[in-house]
Each structure stands twice: as C-alpha cells, then as structure tokens.
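Working notes for the structure below.
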There are 2 protein chains.
Amino acid sequence: MAMQRTPLLMARLIERGAVLSPDTEVVTATAEGTRRQTNRDTLQRAHRLAHALRDAGVGIGDRVGVFMWNGSRHLEAYWAIACMGAVLHNLNVRLPGHDLDYIINHAQSKLIIADADLLPLLEPLAGRLPSVEKIVVAVEEGSEDWSTSLPGPVDYEDFIAPWPEGFAWPSLDENAPLALCYTSGTTGRPKGVEYEHRSQYLHTMAMCMTDAMGLSATDTVFGVVPMFHVMGWGLPWAALMLGCKQVMPHRFTSPERLVRLMADEAVTLATGVPTIWQNVRTACMARPGAHDLSNLARIVSGGSAVPPSLARWYWEALGVEMIQEWGMTETSPLATFSRRRWTPSRTRSATAPDEYLAEVAKAGQALPGLEVEIVDEEFAPLPHDGQQTGEILVRGPWVCADYYRDPQPGKFHGDWLITGDVGRIDNRDCLVLADRSKDLVRSGGEWISSVDLENHILALAGVAQACVVAQSHPTWDERPVALVVLDRGAELAVDQVLEHCSNRFAKWQLPDDVLFVESIPLTSTGKMDKKAVRADLAESGYTLPGLRQASP
Amino acid sequence: MAMQRTPLLMARLIERGAVLSPDTEVVTATAEGTRRQTNRDTLQRAHRLAHALRDAGVGIGDRVGVFMWNGSRHLEAYWAIACMGAVLHNLNVRLPGHDLDYIINHAQSKLIIADADLLPLLEPLAGRLPSVEKIVVAVEEGSEDWSTSLPGPVDYEDFIAPWPEGFAWPSLDENAPLALCYTSGTTGRPKGVEYEHRSQYLHTMAMCMTDAMGLSATDTVFGVVPMFHVMGWGLPWAALMLGCKQVMPHRFTSPERLVRLMADEAVTLATGVPTIWQNVRTACMARPGAHDLSNLARIVSGGSAVPPSLARWYWEALGVEMIQEWGMTETSPLATFSRRRWTPSRTRSATAPDEYLAEVAKAGQALPGLEVEIVDEEFAPLPHDGQQTGEILVRGPWVCADYYRDPQPGKFHGDWLITGDVGRIDNRDCLVLADRSKDLVRSGGEWISSVDLENHILALAGVAQACVVAQSHPTWDERPVALVVLDRGAELAVDQVLEHCSNRFAKWQLPDDVLFVESIPLTSTGKMDKKAVRADLAESGYTLPGLRQASP
C-alpha cells in the first residue's frame, strides 16, 4: 500500500465549507422575505438531524423520503441522511399521486421529511404506505396550521431540538448508496437510480472545475433546479464543499420573485432548465432595469437543449454567460458542458460573442472521466464529424450500471448506458443534441426538427416560448403545429411567424398552423410537456387548417 | 452494483485533451528557438513509445528511470510509462551521483530515458547499475554528438520509429503504481514515494478546480517546476487532460530566457519555487518593459514560503496574481492553496489588494478530500486560532501511506503523515507555515525566525534575494547572519539593511552581520540550500563580527 486508501465519502468533502466559511449564509425565500442561517448553523443542525433520525430507527442503508422545496432544511436533510449512511430518496413534488405511491413503496422508505405546505399532495396516500413509520414536517411562515393523517407526525424543529451537535459520521464503503432518485420517464413505471458516495464525490469534484461550472467559494449560487430531482444537479454538495453562499427559492418560483431574489442576494451563478430562463427573460423585459442583476455572471442550463436566441439575449442584454450542460438521472446528472468563454488572460478579449454563442448551442464536451459515444442501430460507432446523428451512449464512474431492484438489460450495451437521446459529435468531441425521435415530425417521408423550428421562432422579437408538435395528417403522416407564448404586451400575427420561419426553412417544413397560447404545460422536471400539449389539442378537438370542413 | 465501477486510471483522463484540442501545441525551448508539436502528435508519439518500451521488455509494474529536462519527449514518457502500467521513476538531474546511484539501484529501474546533454552526469555510474538494460537518449539541437558507456544505448527517435500509433492501454487496478519519486531530504538516504493511478487521478481533478489553480483549456501553461521531481506538481497530467497549450523550458532556465519564452508564447499560468520568481523579478527590473507579459495572469508558487513582498511586486508591477501552494513529495505534491482573489462577478471589484496579499502569505486551505492538522509534541491537536504553532500532519487519498521498500514507521502517526513542517492554522482553516525547527535561530534561549527576517529584508528596495542562517556563538548559542543578493545596479550598505530590520524586529533579533553575495546556493529542487550556505561560511573561515580578534 503506497498511498492512503481513504474512502471517497461525502462526509469528508462537505464539512469543509462550513469550516472554511462558517459565517457565510444559506438564504431561504419565505412568503414575506427571507430566512437566513450560517454555514456553521447548517452543519450543527445537520448533526442534530442525524441524531434524531438514528433515534427514530433510521440505520445504514435505510431509505428516507424527502418531499420538499429547495430550502435550508432540505439541505440539512441532504447532509444528515447521506453522511449517516442512510439513503436520501428524492420525492419529486410534481409527480402524479400514483407515481409517488409507486416509488415510496418500491423504495420502502421508512420515514418521510416533508414541507408542511406540500402535505395535501401526500394526504391521498395515507394508509397506502406501509413502510413509512414517521413523517417529519418542516414548517415555514404561513403553513403553521398543518395537519396530516400520515403516521407519527412531528414538527421538524421539535424532532431535532433534543439532540446535540457533533455526530460521528460512520466509516462506510465508498460504494455505499447515499441517494435514490427515480426517473420521471414518460414510458413505463419510474425507475430508481441509486447514487453512491464515490460516484457523487467524483461528480462533485468534476463540476467544480473551471471548465465545468467554474464554481468558487466566492460564488453566491442560486439553484432553481429542484433539489427534489437528481440531487439539484449536485449544486448543494458542491456549494457545501466550497463554502459558497446559497440562495434557495423554496416554493416561490414565479419569474418575478426569482429575479428579485437574484438581485437582492447578489447571486453570481444560477442553475435551471431553459424554460425557467425564458420566463425570467420575459419578466426582465416586462420591467427593464427594475432589478440589479449586475452580479450575475453565469447561468448553467440544461435538461433540454438551450435555444441559441436565449443565450444571446442573456449575453447581449445582461452580459451573463450561459453554460449548457447535458445529462440525466442516470448520469448523476452532469455529463457534458459547453465550452466556456472563460479566459484567464487579463488583456486578451474573451472568445468572440458569436463563437461563444455557437459553443453554447452545443451540449459540450464530456467531463474528465466520462466517455460519450454515438452509435447506429447496430451499435456501431459513428464518426465524430458533426454530421452523423446517432444514439448517445455514455459510461464512467458516475453513470448508473443498473436500476434499483428493477433489471433493465435493454438500457445497457456492454458497459455503456443507452441514453435514449440522439445527437452528433463534432471533431472536437463536442456533443450536439438532436431531436429525440419522438420530437421529430415525419412529413411525407422526410423529417422536420421540432427543436430547430422552436429555436428559430424563439429568435423572433416578442416570442417568449415556442413549442412545435406533430399532428396526424392523412396525406403526409404528420404535420408540424407551433404553439407560441408572446411576451407581455407583444403582438404578432400568424403570418409574421410563418414569414420569419420561411427565412430559414423550406416551405414543406413550415408549421401548418401557429396557435398563440397563454402558457405551455411543463413536465415534473420543468421541461415542455409535448405529450400534454398533444393531449390538450386532441381534447379540444383541434384540426389542422387544411383538414377543416368548409363551414356550411 | 448501482453505479459503474470504472477504475480511476490516468489513461482515461489524459487522452481527453488531445481529442478536444488536437491542434494545440506543446512547445519546447531549444538552443536557438523552440521545437513545436501538436497534442495529436504527442498522443501518437506516446503510443509509439509504449510499443517500443513493451518490445524492450518493460512490463506492468517495471520501473523506468527518466532523467530529462522539461520537454515534449519527457511528456511522452510520462504518458506512455504511466498508461502502459509501468512505473515512471523521476530522476532528479540535480542529485549528487551517490544519491542517483542509490535510487536507481533501490528502484531496480530496468531502462532509463535520458536527455543527451545530461549523459555526462550518468556516465560515472556506468557499471554500477546492474538492473539497467538499456538507455534511450533524447537528442536536442546541439547535443547530436552524444556517447555513453551505459548499456544498450539507442536514440529516442530510432527507438520509437518502427512502431505504430494505437496502443491498447491495459486495464489495471486503480491502486496500481504509476510513478516513483524519491525525496531529496537532507537527512538520511532518499526515500521513495510510489504514486498510484487513483491518487494521481484525484490529485489531477482537485488541482483543476477554480479554487485551486483554476486551470482551463484556454490556459497556456508554463511549468518551470521540473518534471524530474514530484511529477512537475501534476501540471503535465492536468494540461494533457484539459488540452492546454504547454510551454517547456528544457535546460534553458536563465531568468532572461524564461521571461522571453513567457512573452513569446503568451503564457497565462506559470509554476515554480519562489527563488525562480525572485530571479525573474530581477530580470524584469533589469530591462523594464522589454518583454510583454500582459497575458500572464497567474503564478503558482510553493516548495518554500512565498515572501509577501514578492507577491506584492508581481501584483503591483505586472498585475499577476500569485497563488501559494504547499505540499511535498509525500502529498503528490499539492495539499493546500492560498485563497484566490478570483471573483466571478463582473462588476464587484475583486478582493482588495492588501487582503489578497495577506491571503497569499498563507499556505492556504486544504484541497477537498485532504485533511491538515497541527499537533503538539504528544500529538494532541492544537487549536486553529492562528496563534499556536505545531507539527503539521496531513492525510487523504493522495498522501503516502508508506515508503517504497523502506518502512519508516516514525514518519506516521496513525493514518496521518508527519510532514516535518511546522505551522499555524487560523480560524478559517488556513495553514500558515512557520520555520522548520532547523531554520530557527536559537539565541539566548529565545527563537528568531530566519524566514521572517528574510521576508522583511526582501521588502527593501534593491534586494533580490535574502538568506538568514545561524552561526554559533559562545554566549548566545546562535546568532543570525543575513546573506543578501542585490538587484543589478543596486547599492545598499549594511547599516541600511539593519536599519530597515529595526523597523520591525527587536535589537536582539537583528542579524549580527549582513554579507552581500553574488548568489545563494540552491538545493536540487531549487530552494535555498542553507546547509550549503553554512558549509560555505565555515569553509571560508567566517567569524561573527563580535568574535573577531582585534587586528594586532
């Protein structure tokens, strides 16, 4: 044994920040303002929570469900549950009841920590969760009058109050599980991915590299990505490790409130899916200059492709650098990052804006340690020429090897995960996402990219959101229809949208119809829910213009 | 098995940069200019070298000695030897012959790769290295007429020429050794530290974090730290992984040449011990504005404490940020970094210069994953109050657990490495180095810090280097003597130095003498060699002023 065999355990990483920056704050949004505590407080409270959980019978390997908004108590739950050797089970508050029922019972969670205002979503499951022995309720301003028929209810503060700080984190195998997150896949039942200490440790190290998020102890980070899904992209761990100031929106996720919070707390880095940043853009445009976002330097966005016009707006209007990432529940989740415009030089100008914006349009390069490949239908590797599109495979130390108590051999090819995403890889190994096959519109034997159409429509002044879906057509199989949300006060006609599209697309690729709508339905992870859009159109009896009967 | 069990092997990390930035260059200084090759070339040549080494009988676990300056072929040797599962044995070209003899025989190196101009240093060992079967000679401009009586000599280019690119790196245990580096400790025989794939992998990830070196693919890095000692602080691995441009000085390490190379190649980040940067400062001051160093953004320095006046000069004269690191052969070597003045904000000013300079004067905070502690003589932990000084202990996944075939139980306390360095830790867990006990001057029962005196003398205009050593004294045990190297053209009198010292030090702490000298002897790793200074003084019959006999 030449070098020390120190196991890669999260407890060793994340206590660091509270020692280095004890007075730095964790800020949680409340109905009337904010609630604040220091990193030192958070450490001490995490220790007390671990004592309380152990006293409640939570042992090594036991699953603890967490049903909470982003907030300081959620952060304490991350810390205590993971480091005490239990398994933090992310419960997505936007999952339908039958999926919640399924995943809690599948995980056999022993205890649930929930925000009081979310109890009504759990209440219908009372009596159907035999493994759950206790529910710990986190109360914020305005939800003091909670009640639940779930077993063993206790207020979070009462739960941790009797216990001292100073919990001796156990020595664990570095491959011991620390969290469990179910995919919100649209097909089949949710599948659980079990994260391990080693995999999350390496993921945390990688995301803090300059060429990834470039996180620093001097950052004030704002995770709009929910911590109830895919570990909040790992930002809570990274911020704890470095000792960053953390700002958390809790349930107050209206674009106006997000902007105000970023300005008031001098946020430097924020994370979220593209739809969040489209809404924030709309809010900023509605009240230009109302809030000072001059500290905001970087937005990390992903989960679905970042529209180039969105990155351009943030760069040109706010001077904010957008970084695109790509990943999924099965990849912990961060796998690739677009190349940053970062330059270490003091005098040379950074990458030219157009070059930078072209890079942000790509999902980017694999983090060190991961490998990304594209293959054809026979799993033969395709050239990295930026032209050929194939199924994306990924492997590496924070990629899942199987699903929790749910064998899915069809999801793997050798030691590669079959991601279900499709893309191209260019000659610098940059991944460019293409439409998932279900997002392509098949018209007359040709394919039309709904994502390309959406991105182009989004570049039109006055457009806040755009969603293109396929509608059946007796002659052409499918034809595209565009749903458009306008900026507040903006006015556009259908012909203007179509004329704009014809600047780039052939006539047969243009949408058959443009529908101006108030909003686009979102999935539980905040992406546009095209399945719901198509269902809504069907329910409303929508018919393509060319197929409508002439009125009598 | 929930997550993939991908072993942490260097081959998986370092091929990345050549794929991401294939056309970026590795630049090696030559007698007349530079020699350049791309990252793609380097990858292909490393593959060919691996084939050649395997053909020469080098198998998994075999030691290969490397006796070279920093250059592209040295980089290829790092790559090929480590990734093929052999063990790269760093041979410090500044070691005395008897130490070289000892470490080559102790490591039982099978093959040596050497720069042609360094052969005269190896020649005296001919016939005394029974394990060595072959010597591969790297030839640069001006050393074409090499010869050696060492066995099996072959030109490096002839050695790799027959072989194709495309070497299938073997699958190894992540704890397999990849390099062996002997300490150049001044007491006892050199002791070998064996680095492993996992330890170097984690070290590489950590040093690339924003809060460490902040390395990025957009950096042009200049490792003045020799690759023949402690893996060049890991910079070669990190630069390969990220795809940085690398500039290498080879044997041309005069300060004037270093400055010219940094200017010509638009270097953004450089690494080296403080004496290098003192010499470079002198060269810059001798010809102000002669070279454009406006791209240089960061200097990482360590190995001995960075004088605050040196950091201030680089900041005020060149706008260059100095980052102090601390570590040693046994810690791979990077263990702590001073807090950077990095700020992610676009509008807020960075840390105020004085605050930043105060931070650089500290060795800094432990990298994530490492733990640093200070203890008293009974190994009881001392408070982190910035006041109490103790022996520094360190542990973590890239700290050695023992020495290569040389048990040294006295170097460890439980799973802690006893570093032999002493220091304080402040309330933000910043390590501040104090004098090693052998660098303290014991005068009349009190201690005088030679490092504090040196740092203060260095702050005096006109002083290029300062070295304070103890001299025996019949009454006071020891008294300090200062050796001072002046900037070119500067003039100072002994009284001016003493008067400057008396601004801060008590009368009994002032040096008994100030000697103006041409240079200070350096150790094999470029630090001031106080042992040699004391020996020189003894040899020259030096006597303290107060002890000299009155002339007859």
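Chains: A, B, ... in order of the structure tokens. Residues: from 1 per chain. Ligands: from 1, in order shown.
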Residues of chain A within 7 Å of chain B, only C-alpha atoms counted, as a PyMOL selection string: chain A and resi 1-6+12-13+19-21+194-196+199+205-206+208-211+214-216+218-219+268+294-297+343-347+368-369+396-403+428-429
message: Would you pick out the contacts of A:Ala168 at 10 Å or less, using only C-alpha atoms, so that residues sharing its chain but fewer than 5 positions from it are not included, and give the list as JSON, numbers by chain?
response: {"A": [11, 47, 50, 51, 83, 84]}
Print the selection's residues with N, CA, C and O atoms to a file, as a short mmCIF file (atom, residue, chain, number, x, y, z; two decimals), in the first residue's frame.
data_model
loop_
_atom_site.label_atom_id
_atom_site.label_comp_id
_atom_site.auth_asym_id
_atom_site.auth_seq_id
_atom_site.Cartn_x
_atom_site.Cartn_y
_atom_site.Cartn_z
N ALA A 11 -19.13 12.75 3.52
CA ALA A 11 -18.91 13.46 4.78
C ALA A 11 -17.56 14.15 4.80
O ALA A 11 -17.40 15.23 5.39
N HIS A 47 -26.06 17.80 12.01
CA HIS A 47 -25.64 16.83 13.03
C HIS A 47 -26.82 16.45 13.93
O HIS A 47 -27.03 15.27 14.23
N ALA A 50 -29.19 14.17 12.17
CA ALA A 50 -28.69 12.80 12.08
C ALA A 50 -28.95 12.03 13.39
O ALA A 50 -29.40 10.88 13.37
N HIS A 51 -28.70 12.70 14.54
CA HIS A 51 -29.02 12.08 15.83
C HIS A 51 -30.49 11.70 15.89
O HIS A 51 -30.86 10.60 16.30
N CYS A 83 -24.63 11.43 4.96
CA CYS A 83 -23.41 11.20 5.72
C CYS A 83 -23.60 10.16 6.82
O CYS A 83 -22.62 9.52 7.24
N MET A 84 -24.83 9.96 7.30
CA MET A 84 -25.04 8.95 8.33
C MET A 84 -25.15 7.55 7.73
O MET A 84 -25.29 6.57 8.46
#
query: Counting only C-alpha atoms, which of A:Ser72, A:Gln408, A:Thr275, A:Thr329 gets nearest to A:Ala305?
result: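 When distances to A:Ala305 are compared using only C-alpha atoms, the smallest one comes from A:Thr275.
Neighbouring residues of B:Arg424 at 10 Å or closer, counting only C-alpha atoms and skipping chain neighbours under 3 positions away, are Lys362, Ala363, Glu373, Ile374, Val375, Leu382, Pro383, His384, Asp385, Gly386, Gln387, Gln388, Thr389, Gly390, Glu391, Ile392, Asp429, Cys430, Leu431, Val432, Leu433 and Ala434 of chain B.
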statement: In terms of only C-alpha atoms, the residue from A:Gly234, A:Pro307, A:Gly33, A:Pro162 at minimal distance from A:Ala466 is A:Pro307
- request: Mind checking which residues fall within 7 Å of stretch 523-540 of chain B, counting only C-alpha atoms, ignoring those fewer than 3 positions away in the same chain, and posting them as a PyMOL selection string?
  value: chain B and resi 94-95+273+275+304+469+520
